[in-house]
file work.pdb (PDB, C-alpha atoms and all ligand atoms)
ATOM      1  CA  MET A  12       4.688  12.824   7.824
ATOM      2  CA  GLU A  13       3.977  14.564   4.519
ATOM      3  CA  VAL A  14       0.283  15.025   3.717
ATOM      4  CA  ILE A  15      -0.678  15.932   0.150
ATOM      5  CA  ILE A  16      -4.295  16.920  -0.436
ATOM      6  CA  CYS A  17      -5.479  16.509  -4.026
ATOM      7  CA  GLN A  18      -8.632  17.744  -5.715
ATOM      8  CA  ASP A  19      -9.978  14.320  -6.639
ATOM      9  CA  PRO A  20      -9.063  10.617  -6.955
ATOM     10  CA  ALA A  21      -7.615  11.189 -10.430
ATOM     11  CA  GLU A  22      -5.123  13.694  -9.030
ATOM     12  CA  VAL A  23      -4.296  11.293  -6.194
ATOM     13  CA  GLY A  24      -3.309   8.746  -8.860
ATOM     14  CA  LEU A  25      -1.190  11.285 -10.718
ATOM     15  CA  VAL A  26       0.614  12.665  -7.667
ATOM     16  CA  SER A  27       1.257   9.281  -6.015
ATOM     17  CA  ALA A  28       2.667   7.850  -9.263
ATOM     18  CA  ALA A  29       4.913  10.896  -9.641
ATOM     19  CA  LYS A  30       6.196  10.314  -6.120
ATOM     20  CA  VAL A  31       6.928   6.622  -6.807
ATOM     21  CA  ALA A  32       8.595   7.509 -10.117
ATOM     22  CA  LYS A  33      10.800  10.125  -8.427
ATOM     23  CA  ILE A  34      11.936   7.619  -5.810
ATOM     24  CA  ALA A  35      12.476   4.930  -8.474
ATOM     25  CA  ALA A  36      14.551   7.321 -10.580
ATOM     26  CA  ALA A  37      16.743   8.136  -7.586
ATOM     27  CA  ILE A  38      17.274   4.448  -6.721
ATOM     28  CA  GLY A  39      17.878   3.163 -10.240
ATOM     29  CA  PRO A  40      16.633   0.213 -12.311
ATOM     30  CA  SER A  41      16.743  -2.360  -9.515
ATOM     31  CA  VAL A  42      14.296  -0.453  -7.314
ATOM     32  CA  VAL A  43      12.270  -2.642  -4.954
ATOM     33  CA  LEU A  44       8.573  -1.745  -4.835
ATOM     34  CA  GLY A  45       6.131  -2.722  -2.123
ATOM     35  CA  VAL A  46       2.690  -3.096  -3.648
ATOM     36  CA  ALA A  47      -0.826  -3.188  -2.234
ATOM     37  CA  THR A  48      -3.988  -4.625  -3.721
ATOM     38  CA  GLY A  49      -7.458  -3.091  -3.280
ATOM     39  CA  SER A  50      -9.068  -0.217  -5.153
ATOM     40  CA  SER A  51      -7.034   2.700  -3.763
ATOM     41  CA  PRO A  52      -3.716   2.220  -5.602
ATOM     42  CA  LEU A  53      -5.250   1.298  -8.978
ATOM     43  CA  ALA A  54      -5.019   4.880 -10.248
ATOM     44  CA  THR A  55      -1.402   4.991  -9.057
ATOM     45  CA  TYR A  56      -0.618   1.862 -11.065
ATOM     46  CA  GLU A  57      -2.473   3.245 -14.075
ATOM     47  CA  ASN A  58      -0.363   6.423 -14.010
ATOM     48  CA  LEU A  59       2.821   4.409 -13.516
ATOM     49  CA  ARG A  60       1.846   2.333 -16.554
ATOM     50  CA  ALA A  61       1.490   5.536 -18.570
ATOM     51  CA  LEU A  62       4.987   6.632 -17.490
ATOM     52  CA  VAL A  63       6.387   3.223 -18.478
ATOM     53  CA  GLN A  64       4.635   3.348 -21.850
ATOM     54  CA  ALA A  65       5.929   6.880 -22.471
ATOM     55  CA  GLY A  66       9.477   5.641 -21.840
ATOM     56  CA  LYS A  67       9.843   7.838 -18.744
ATOM     57  CA  LEU A  68      10.133   4.928 -16.320
ATOM     58  CA  ASP A  69      11.676   1.481 -16.748
ATOM     59  CA  LEU A  70      10.638  -1.134 -14.208
ATOM     60  CA  SER A  71      11.795  -4.183 -16.194
ATOM     61  CA  GLN A  72      14.546  -4.873 -13.654
ATOM     62  CA  ALA A  73      12.560  -3.844 -10.596
ATOM     63  CA  SER A  74      11.417  -6.245  -7.892
ATOM     64  CA  ALA A  75       8.108  -6.108  -6.075
ATOM     65  CA  PHE A  76       6.728  -7.481  -2.844
ATOM     66  CA  ALA A  77       2.989  -7.636  -2.227
ATOM     67  CA  LEU A  78       1.686  -6.836   1.226
ATOM     68  CA  ASP A  79      -0.593  -9.760   1.760
ATOM     69  CA  GLU A  80      -2.476 -12.805   0.520
ATOM     70  CA  TYR A  81      -5.561 -14.735   1.554
ATOM     71  CA  VAL A  82      -4.980 -18.085   3.216
ATOM     72  CA  GLY A  83      -6.390 -21.095   1.404
ATOM     73  CA  LEU A  84      -7.393 -19.322  -1.805
ATOM     74  CA  PRO A  85      -5.720 -21.052  -4.782
ATOM     75  CA  ILE A  86      -3.320 -18.669  -6.505
ATOM     76  CA  GLU A  87      -5.220 -19.279  -9.759
ATOM     77  CA  HIS A  88      -8.376 -17.798  -8.186
ATOM     78  CA  PRO A  89      -8.961 -14.395  -9.860
ATOM     79  CA  GLU A  90      -9.261 -12.685  -6.462
ATOM     80  CA  SER A  91      -6.115 -14.225  -4.985
ATOM     81  CA  TYR A  92      -3.547 -11.502  -4.480
ATOM     82  CA  HIS A  93      -1.131 -13.495  -6.649
ATOM     83  CA  ALA A  94      -3.590 -13.119  -9.550
ATOM     84  CA  THR A  95      -4.540  -9.543  -8.639
ATOM     85  CA  ILE A  96      -0.940  -8.304  -8.466
ATOM     86  CA  ASP A  97      -0.173 -10.046 -11.743
ATOM     87  CA  ARG A  98      -3.167  -8.354 -13.436
ATOM     88  CA  THR A  99      -2.829  -4.870 -11.945
ATOM     89  CA  VAL A 100       0.917  -4.494 -11.398
ATOM     90  CA  THR A 101       3.218  -7.077 -13.011
ATOM     91  CA  VAL A 102       1.772  -7.089 -16.517
ATOM     92  CA  PRO A 103       0.842  -3.403 -16.950
ATOM     93  CA  LEU A 104       4.075  -2.090 -15.410
ATOM     94  CA  GLY A 105       6.266  -4.511 -17.351
ATOM     95  CA  LEU A 106       7.782  -6.173 -14.280
ATOM     96  CA  ASP A 107       9.609  -9.484 -14.535
ATOM     97  CA  SER A 108       7.241 -11.962 -12.851
ATOM     98  CA  GLN A 109      10.259 -13.859 -11.470
ATOM     99  CA  ARG A 110      10.987 -10.826  -9.320
ATOM    100  CA  VAL A 111       7.424 -10.271  -8.097
ATOM    101  CA  HIS A 112       6.715 -11.854  -4.734
ATOM    102  CA  VAL A 113       3.442 -12.473  -2.897
ATOM    103  CA  PRO A 114       3.200 -14.135   0.534
ATOM    104  CA  ASP A 115       2.474 -17.856   0.424
ATOM    105  CA  GLY A 116      -1.091 -18.430   1.607
ATOM    106  CA  ASP A 117      -0.961 -22.208   1.246
ATOM    107  CA  PRO A 118      -2.251 -23.620   4.568
ATOM    108  CA  ALA A 119       0.351 -26.407   4.324
ATOM    109  CA  GLY A 120       3.325 -24.082   4.856
ATOM    110  CA  LEU A 121       1.794 -21.341   6.974
ATOM    111  CA  GLU A 122       4.027 -21.805  10.004
ATOM    112  CA  THR A 123       7.124 -20.835   8.034
ATOM    113  CA  ALA A 124       5.578 -18.596   5.363
ATOM    114  CA  GLY A 125       6.179 -15.386   7.313
ATOM    115  CA  GLU A 126       9.852 -16.081   7.936
ATOM    116  CA  ARG A 127      10.360 -17.127   4.318
ATOM    117  CA  TYR A 128       8.806 -13.888   3.101
ATOM    118  CA  GLU A 129      10.881 -11.740   5.442
ATOM    119  CA  ALA A 130      14.016 -13.552   4.216
ATOM    120  CA  ALA A 131      13.071 -12.869   0.584
ATOM    121  CA  ILE A 132      12.594  -9.144   1.298
ATOM    122  CA  LYS A 133      15.953  -9.054   3.062
ATOM    123  CA  ALA A 134      17.667 -10.898   0.185
ATOM    124  CA  ALA A 135      16.328  -8.269  -2.233
ATOM    125  CA  GLY A 136      17.886  -5.518  -0.105
ATOM    126  CA  GLY A 137      14.642  -4.302   1.494
ATOM    127  CA  VAL A 138      11.726  -2.364   0.054
ATOM    128  CA  ASP A 139      12.534   1.089  -1.338
ATOM    129  CA  VAL A 140       8.991   2.422  -1.562
ATOM    130  CA  GLN A 141       5.940   0.755  -0.044
ATOM    131  CA  ILE A 142       2.606   1.681  -1.640
ATOM    132  CA  LEU A 143      -0.320   1.358   0.791
ATOM    133  CA  GLY A 144      -4.069   1.751   0.955
ATOM    134  CA  VAL A 145      -5.902   1.980   4.278
ATOM    135  CA  GLY A 146      -8.971   0.106   5.463
ATOM    136  CA  ALA A 147     -11.935   2.005   6.882
ATOM    137  CA  ASN A 148     -10.882   0.567  10.260
ATOM    138  CA  GLY A 149      -7.328   1.873   9.876
ATOM    139  CA  HIS A 150      -5.688  -1.378   8.774
ATOM    140  CA  ILE A 151      -2.685  -1.392   6.454
ATOM    141  CA  GLY A 152      -1.815  -4.633   4.761
ATOM    142  CA  PHE A 153      -4.136  -6.874   6.704
ATOM    143  CA  ASN A 154      -2.879  -5.649  10.057
ATOM    144  CA  GLU A 155      -6.203  -5.284  11.769
ATOM    145  CA  PRO A 156      -6.719  -3.091  14.864
ATOM    146  CA  THR A 157      -4.653  -4.330  17.854
ATOM    147  CA  SER A 158      -1.900  -5.694  15.580
ATOM    148  CA  SER A 159       1.498  -5.360  17.194
ATOM    149  CA  LEU A 160       3.226  -2.190  16.061
ATOM    150  CA  SER A 161       6.451  -4.178  15.615
ATOM    151  CA  SER A 162       4.903  -7.230  13.939
ATOM    152  CA  ARG A 163       6.539  -9.007  11.007
ATOM    153  CA  THR A 164       4.940 -11.106   8.263
ATOM    154  CA  ARG A 165       2.559 -13.656   9.779
ATOM    155  CA  MET A 166      -0.954 -15.082   9.636
ATOM    156  CA  LYS A 167      -3.816 -12.874  10.802
ATOM    157  CA  THR A 168      -7.574 -13.254  11.120
ATOM    158  CA  LEU A 169      -9.534 -10.743   9.044
ATOM    159  CA  ALA A 170     -11.810  -8.382  10.974
ATOM    160  CA  PRO A 171     -15.524  -8.925  10.257
ATOM    161  CA  GLN A 172     -15.693  -5.422   8.693
ATOM    162  CA  THR A 173     -12.847  -6.250   6.314
ATOM    163  CA  ARG A 174     -14.673  -9.369   5.136
ATOM    164  CA  VAL A 175     -17.812  -7.255   4.600
ATOM    165  CA  ASP A 176     -15.776  -4.637   2.688
ATOM    166  CA  ASN A 177     -14.072  -7.250   0.501
ATOM    167  CA  ALA A 178     -17.233  -9.236  -0.255
ATOM    168  CA  ARG A 179     -17.561  -7.015  -3.343
ATOM    169  CA  PHE A 180     -14.701  -8.994  -4.872
ATOM    170  CA  PHE A 181     -16.425 -12.313  -4.118
ATOM    171  CA  GLY A 182     -19.844 -11.871  -5.698
ATOM    172  CA  ASN A 183     -21.040  -9.939  -2.618
ATOM    173  CA  SER A 184     -20.862 -13.113  -0.556
ATOM    174  CA  ILE A 185     -19.219 -12.521   2.840
ATOM    175  CA  ASP A 186     -18.972 -16.272   3.340
ATOM    176  CA  ALA A 187     -16.819 -16.530   0.225
ATOM    177  CA  VAL A 188     -14.205 -14.146   1.683
ATOM    178  CA  PRO A 189     -11.448 -16.166   3.379
ATOM    179  CA  ARG A 190     -11.228 -15.793   7.143
ATOM    180  CA  HIS A 191      -7.431 -15.771   7.372
ATOM    181  CA  CYS A 192      -4.632 -14.015   5.577
ATOM    182  CA  ILE A 193      -0.883 -13.710   5.657
ATOM    183  CA  THR A 194       0.340 -10.142   5.791
ATOM    184  CA  GLN A 195       3.508  -8.149   6.135
ATOM    185  CA  GLY A 196       3.634  -6.832   9.687
ATOM    186  CA  LEU A 197       3.636  -3.214  10.783
ATOM    187  CA  GLY A 198       7.333  -3.589  11.618
ATOM    188  CA  THR A 199       7.934  -4.923   8.093
ATOM    189  CA  ILE A 200       6.137  -1.930   6.585
ATOM    190  CA  LEU A 201       8.066   0.476   8.816
ATOM    191  CA  ALA A 202      11.328  -1.016   7.521
ATOM    192  CA  ALA A 203      10.579   0.138   3.953
ATOM    193  CA  ARG A 204      12.696   3.170   3.074
ATOM    194  CA  HIS A 205       9.664   5.206   1.954
ATOM    195  CA  ALA A 206       5.976   4.664   2.710
ATOM    196  CA  LEU A 207       3.296   6.100   0.444
ATOM    197  CA  LEU A 208      -0.348   5.735   1.461
ATOM    198  CA  VAL A 209      -3.222   6.695  -0.832
ATOM    199  CA  ALA A 210      -6.843   7.150   0.288
ATOM    200  CA  THR A 211      -9.920   8.610  -1.359
ATOM    201  CA  GLY A 212     -13.598   9.051  -0.590
ATOM    202  CA  ALA A 213     -15.893   9.548   2.361
ATOM    203  CA  ASN A 214     -15.413   5.995   3.613
ATOM    204  CA  LYS A 215     -11.826   6.847   4.577
ATOM    205  CA  ILE A 216     -12.402  10.157   6.437
ATOM    206  CA  ALA A 217     -12.172   8.663   9.941
ATOM    207  CA  ALA A 218      -9.202   6.419   9.119
ATOM    208  CA  VAL A 219      -7.248   9.303   7.547
ATOM    209  CA  ARG A 220      -7.950  11.588  10.492
ATOM    210  CA  ALA A 221      -6.895   8.896  12.977
ATOM    211  CA  LEU A 222      -3.743   7.902  11.141
ATOM    212  CA  VAL A 223      -2.497  11.442  10.485
ATOM    213  CA  GLU A 224      -3.627  13.387  13.541
ATOM    214  CA  GLY A 225      -4.633  10.801  16.130
ATOM    215  CA  PRO A 226      -2.396   9.081  18.660
ATOM    216  CA  VAL A 227      -0.045   6.281  17.573
ATOM    217  CA  THR A 228      -2.086   3.283  18.603
ATOM    218  CA  SER A 229      -2.620  -0.281  17.490
ATOM    219  CA  LEU A 230      -6.339   0.540  17.416
ATOM    220  CA  CYS A 231      -5.490   2.438  14.212
ATOM    221  CA  PRO A 232      -2.638   0.353  12.759
ATOM    222  CA  ALA A 233      -1.902   2.933  10.034
ATOM    223  CA  SER A 234      -1.016   5.472  12.741
ATOM    224  CA  VAL A 235       2.287   3.588  13.046
ATOM    225  CA  LEU A 236       3.318   5.543   9.944
ATOM    226  CA  GLN A 237       3.794   8.553  12.254
ATOM    227  CA  LEU A 238       6.943   6.714  13.356
ATOM    228  CA  HIS A 239       8.213   6.384   9.774
ATOM    229  CA  ARG A 240      10.931   8.792   8.715
ATOM    230  CA  ARG A 241       9.629   9.165   5.155
ATOM    231  CA  ALA A 242       5.876   8.647   5.055
ATOM    232  CA  THR A 243       3.717  10.426   2.497
ATOM    233  CA  ILE A 244      -0.074  10.378   2.623
ATOM    234  CA  VAL A 245      -1.837  11.335  -0.619
ATOM    235  CA  VAL A 246      -5.574  11.951  -0.168
ATOM    236  CA  ASP A 247      -8.418  13.571  -2.044
ATOM    237  CA  GLU A 248     -10.473  16.475  -0.630
ATOM    238  CA  GLU A 249     -13.160  14.118   0.609
ATOM    239  CA  ALA A 250     -10.889  11.742   2.532
ATOM    240  CA  ALA A 251      -9.036  14.780   3.921
ATOM    241  CA  SER A 252     -12.190  16.523   5.103
ATOM    242  CA  GLY A 253     -11.770  15.419   8.738
ATOM    243  CA  LEU A 254      -8.224  16.784   9.072
ATOM    244  CA  SER A 255      -7.745  19.840  11.279
ATOM    245  CA  LEU A 256      -4.406  21.041   9.842
ATOM    246  CA  SER A 257      -5.292  20.948   6.124
ATOM    247  CA  ASP A 258      -4.185  24.559   5.616
ATOM    248  CA  TYR A 259      -0.745  23.718   6.928
ATOM    249  CA  TYR A 260      -0.418  20.604   4.700
ATOM    250  CA  ARG A 261      -1.340  22.718   1.655
ATOM    251  CA  THR A 262       1.141  25.432   2.640
ATOM    252  CA  VAL A 263       3.902  22.845   2.955
ATOM    253  CA  PHE A 264       3.153  21.364  -0.469
ATOM    254  CA  ASP A 265       2.858  24.748  -2.184
ATOM    255  CA  ASN A 266       6.217  25.850  -0.807
ATOM    256  CA  LEU A 267       8.353  22.767  -1.398
ATOM    257  CA  PRO A 268      11.922  23.536  -2.401
ATOM    258  CA  ASP A 269      12.648  22.702  -6.038
ATOM    259  CA  TRP A 270      14.481  19.467  -5.240
ATOM    260  CA  GLN A 271      11.417  18.106  -3.421
ATOM    261  CA  ARG A 272       8.919  19.022  -6.131
ATOM    262  CA  LEU A 273       7.188  16.350  -8.164
ATOM    263  CA  ASP A 274       7.191  16.176 -11.932
ATOM    264  CA  ILE A 275       3.434  16.649 -12.510
TER     265      ILE A 275
HETATM  266  C1  LIG A 301      -4.504  -4.922   0.393
HETATM  267  C2  LIG A 301      -4.245  -4.071   1.530
HETATM  268  C3  LIG A 301      -5.358  -3.429   2.277
HETATM  269  C4  LIG A 301      -6.090  -2.391   1.452
HETATM  270  C5  LIG A 301      -7.229  -1.777   2.254
HETATM  271  C6  LIG A 301      -7.970  -0.711   1.477
HETATM  272  O1  LIG A 301      -3.278  -5.400  -0.143
HETATM  273  O2  LIG A 301      -3.132  -3.898   1.857
HETATM  274  O3  LIG A 301      -4.831  -2.823   3.427
HETATM  275  O4  LIG A 301      -5.189  -1.413   1.052
HETATM  276  O5  LIG A 301      -8.111  -2.775   2.628
HETATM  277  O6  LIG A 301      -8.623  -1.311   0.403
HETATM  278  P1  LIG A 301      -9.315  -0.412  -0.732
HETATM  279  O7  LIG A 301      -8.197   0.313  -1.392
HETATM  280  O8  LIG A 301      -9.950  -1.392  -1.653
HETATM  281  O9  LIG A 301     -10.246   0.492  -0.040
END
call {"tool": "encode", "arguments": {"input": "work.pdb", "output": "structure tokens", "more": "lines below"}}
Ligand code: F6R
result
Amino acid sequence: MEVIICQDPAEVGLVSAAKVAKIAAAIGPSVVLGVATGSSPLATYENLRALVQAGKLDLSQASAFALDEYVGLPIEHPESYHATIDRTVTVPLGLDSQRVHVPDGDPAGLETAGERYEAAIKAAGGVDVQILGVGANGHIGFNEPTSSLSSRTRMKTLAPQTRVDNARFFGNSIDAVPRHCITQGLGTILAARHALLVATGANKIAAVRALVEGPVTSLCPASVLQLHRRATIVVDEEAASGLSLSDYYRTVFDNLPDWQRLDI
């Protein structure tokens, strides 16, 4: 696991976008992105947009797969992940909306929605780089604590804390936050060829410590990334403040061989 400690959230956005751009450049125009919603990756998307606008990155032929979606929220709802991904990823990064996929949260087809989503990822050749945020309770996607470490896309019930955390998107009304979601599983996330998790701020100190330096356990679903061959964690000073091996992570980053360096 590579841990990159940045000065502040702005640098987290810069460094994580540079990492995605480097991977995309190596793969070519048909790169398959895995994309998260939430606040954490917004600065990453903003920096990717700047690279696209500067002509340094072309994502017009890329595909994207979102991690999750609420169950029962119409896709036209501004806080549905269909709408959120369209607003924060598809439009600004110049993706072709026909190639952007979000799990189907329609209650009518829930029994098969997971299998259909897995089949779509497979048909696209798998995800090249999966962008992730982490919940304060260690969730990635909406894989709440005790999720199976080998799970695939399926329906889950949101943890009470996640509904509290996400109430800010629903007029601060916890009751307005859907109770169920459909999310890529931890096994699905592990199958991506690269995993890139971003986290900033004091609210993420415990989750970052547990996922990087704690045991691999379903009580901290993000700790499954310790089993990933190419996982990068990009955090700001604050989120990193609970880590015990920070000096080592900085030494590693400062001494990367040229071919591993980022264009920043
Ligand atoms: C959303 C998702 C979630 C968020 C997590 C952190 O697609 O995958 O796991 O990444 O809840 O959310 P923020 O970034 O808003 O703190």
call {"tool": "resolve_selection", "arguments": {"input": "work.pdb", "expression": "the PyMOL selection byres (((not hetatm)) within 9 of (chain A and resi 301))", "output": "PDB file with C-alpha atoms, in the coordinates of the input"}}
result
ATOM      1  CA  VAL A  46       2.690  -3.096  -3.648  1.00  0.00           C
ATOM      2  CA  ALA A  47      -0.826  -3.188  -2.234  1.00  0.00           C
ATOM      3  CA  THR A  48      -3.988  -4.625  -3.721  1.00  0.00           C
ATOM      4  CA  GLY A  49      -7.458  -3.091  -3.280  1.00  0.00           C
ATOM      5  CA  SER A  50      -9.068  -0.217  -5.153  1.00  0.00           C
ATOM      6  CA  SER A  51      -7.034   2.700  -3.763  1.00  0.00           C
ATOM      7  CA  PRO A  52      -3.716   2.220  -5.602  1.00  0.00           C
ATOM      8  CA  LEU A  53      -5.250   1.298  -8.978  1.00  0.00           C
ATOM      9  CA  ALA A  77       2.989  -7.636  -2.227  1.00  0.00           C
ATOM     10  CA  LEU A  78       1.686  -6.836   1.226  1.00  0.00           C
ATOM     11  CA  ASP A  79      -0.593  -9.760   1.760  1.00  0.00           C
ATOM     12  CA  GLU A  80      -2.476 -12.805   0.520  1.00  0.00           C
ATOM     13  CA  TYR A  92      -3.547 -11.502  -4.480  1.00  0.00           C
ATOM     14  CA  ILE A 142       2.606   1.681  -1.640  1.00  0.00           C
ATOM     15  CA  LEU A 143      -0.320   1.358   0.791  1.00  0.00           C
ATOM     16  CA  GLY A 144      -4.069   1.751   0.955  1.00  0.00           C
ATOM     17  CA  VAL A 145      -5.902   1.980   4.278  1.00  0.00           C
ATOM     18  CA  GLY A 146      -8.971   0.106   5.463  1.00  0.00           C
ATOM     19  CA  ALA A 147     -11.935   2.005   6.882  1.00  0.00           C
ATOM     20  CA  ASN A 148     -10.882   0.567  10.260  1.00  0.00           C
ATOM     21  CA  GLY A 149      -7.328   1.873   9.876  1.00  0.00           C
ATOM     22  CA  HIS A 150      -5.688  -1.378   8.774  1.00  0.00           C
ATOM     23  CA  ILE A 151      -2.685  -1.392   6.454  1.00  0.00           C
ATOM     24  CA  GLY A 152      -1.815  -4.633   4.761  1.00  0.00           C
ATOM     25  CA  PHE A 153      -4.136  -6.874   6.704  1.00  0.00           C
ATOM     26  CA  ASN A 154      -2.879  -5.649  10.057  1.00  0.00           C
ATOM     27  CA  GLU A 155      -6.203  -5.284  11.769  1.00  0.00           C
ATOM     28  CA  THR A 173     -12.847  -6.250   6.314  1.00  0.00           C
ATOM     29  CA  ASP A 176     -15.776  -4.637   2.688  1.00  0.00           C
ATOM     30  CA  ASN A 177     -14.072  -7.250   0.501  1.00  0.00           C
ATOM     31  CA  THR A 194       0.340 -10.142   5.791  1.00  0.00           C
ATOM     32  CA  GLN A 195       3.508  -8.149   6.135  1.00  0.00           C
ATOM     33  CA  LEU A 208      -0.348   5.735   1.461  1.00  0.00           C
ATOM     34  CA  VAL A 209      -3.222   6.695  -0.832  1.00  0.00           C
ATOM     35  CA  ALA A 210      -6.843   7.150   0.288  1.00  0.00           C
ATOM     36  CA  THR A 211      -9.920   8.610  -1.359  1.00  0.00           C
ATOM     37  CA  ASN A 214     -15.413   5.995   3.613  1.00  0.00           C
ATOM     38  CA  LYS A 215     -11.826   6.847   4.577  1.00  0.00           C
TER      39      LYS A 215
END
call {"tool": "residues_around", "arguments": {"input": "work.pdb", "residues": "Phe76 in chain A", "least_positions_apart": "4", "cutoff": "10 Å", "atoms": "all atoms listed in the file", "output": "list in words"}}
result
Val43, Leu44, Gly45, Val46, Ala47, Ile96, Arg110, Val111, His112, Val113, Pro114, Tyr128, Ala131, Ile132, Ala135, Gly137, Val138, Gln141 and Gln195 of chain A
call {"tool": "closest_residue", "arguments": {"input": "work.pdb", "among": "A:Leu59, A:Leu256, A:Met166, A:Val42", "to": "Glu122 in chain A", "atoms": "all atoms listed in the file"}}
result
A:Met166
call {"tool": "resolve_selection", "arguments": {"input": "work.pdb", "expression": "the PyMOL selection byres (((chain A and resi 199) around 8) and not hetatm)", "output": "NGL selection string"}}
result
:A and (129 or 161-164 or 195-198 or 200-203)
call {"tool": "resolve_selection", "arguments": {"input": "work.pdb", "expression": "the PyMOL selection byres (((chain A and resi 179-186) around 12) and not hetatm)", "output": "PyMOL selection string"}}
result
chain A and resi 48-50+84+88-92+95+169-178+187-190
call {"tool": "residues_around", "arguments": {"input": "work.pdb", "residues": "Pro103 in chain A", "least_positions_apart": "6", "cutoff": "12 Å", "atoms": "all atoms listed in the file", "output": "short mmCIF file (atom, residue, chain, number, x, y, z; two decimals) with C-alpha atoms, in the frame of the given file"}}
result
data_model
loop_
_atom_site.label_atom_id
_atom_site.label_comp_id
_atom_site.auth_asym_id
_atom_site.auth_seq_id
_atom_site.Cartn_x
_atom_site.Cartn_y
_atom_site.Cartn_z
CA LEU A 53 -5.25 1.30 -8.98
CA THR A 55 -1.40 4.99 -9.06
CA TYR A 56 -0.62 1.86 -11.06
CA GLU A 57 -2.47 3.24 -14.08
CA ASN A 58 -0.36 6.42 -14.01
CA LEU A 59 2.82 4.41 -13.52
CA ARG A 60 1.85 2.33 -16.55
CA ALA A 61 1.49 5.54 -18.57
CA LEU A 62 4.99 6.63 -17.49
CA VAL A 63 6.39 3.22 -18.48
CA GLN A 64 4.64 3.35 -21.85
CA ASP A 69 11.68 1.48 -16.75
CA LEU A 70 10.64 -1.13 -14.21
CA SER A 71 11.80 -4.18 -16.19
CA THR A 95 -4.54 -9.54 -8.64
CA ILE A 96 -0.94 -8.30 -8.47
CA ASP A 97 -0.17 -10.05 -11.74
#
call {"tool": "closest_residue", "arguments": {"input": "work.pdb", "among": "A:Met12, A:Leu68, A:Leu106, A:Leu238", "to": "Lys33 in chain A", "atoms": "only C-alpha atoms"}}
result
A:Leu68
call {"tool": "atom_distance", "arguments": {"input": "work.pdb", "atom1": "CA of Ser108 in chain A", "atom2": "CA of Ala75 in chain A"}}
result
9.0 Å
call {"tool": "closest_residue", "arguments": {"input": "work.pdb", "among": "A:Ser255, A:Arg204, A:Thr168, A:Arg261", "to": "His239 in chain A", "atoms": "all atoms listed in the file"}}
result
A:Arg204
call {"tool": "closest_residue", "arguments": {"input": "work.pdb", "among": "A:Cys231, A:Ile193, A:Leu25, A:Leu254", "to": "Arg127 in chain A", "atoms": "all atoms listed in the file"}}
result
A:Ile193
call {"tool": "residues_near_point", "arguments": {"input": "work.pdb", "point": "(-5.1, 11.7, 0.2)", "cutoff": "10 Å", "atoms": "only C-alpha atoms", "output": "PyMOL selection string"}}
result
chain A and resi 14-20+22-24+26-27+208-212+215-216+219+243-252
call {"tool": "atom_distance", "arguments": {"input": "work.pdb", "atom1": "CA of Ala36 in chain A", "atom2": "CA of Tyr260 in chain A"}}
result
25.2 Å
call {"tool": "atom_distance", "arguments": {"input": "work.pdb", "atom1": "CA of Ala21 in chain A", "atom2": "CA of Phe264 in chain A"}}
result
17.9 Å
call {"tool": "closest_residue", "arguments": {"input": "work.pdb", "among": "A:Pro118, A:Thr99, A:Leu160, A:Tyr81", "to": "Thr228 in chain A", "atoms": "all atoms listed in the file"}}
result
A:Leu160
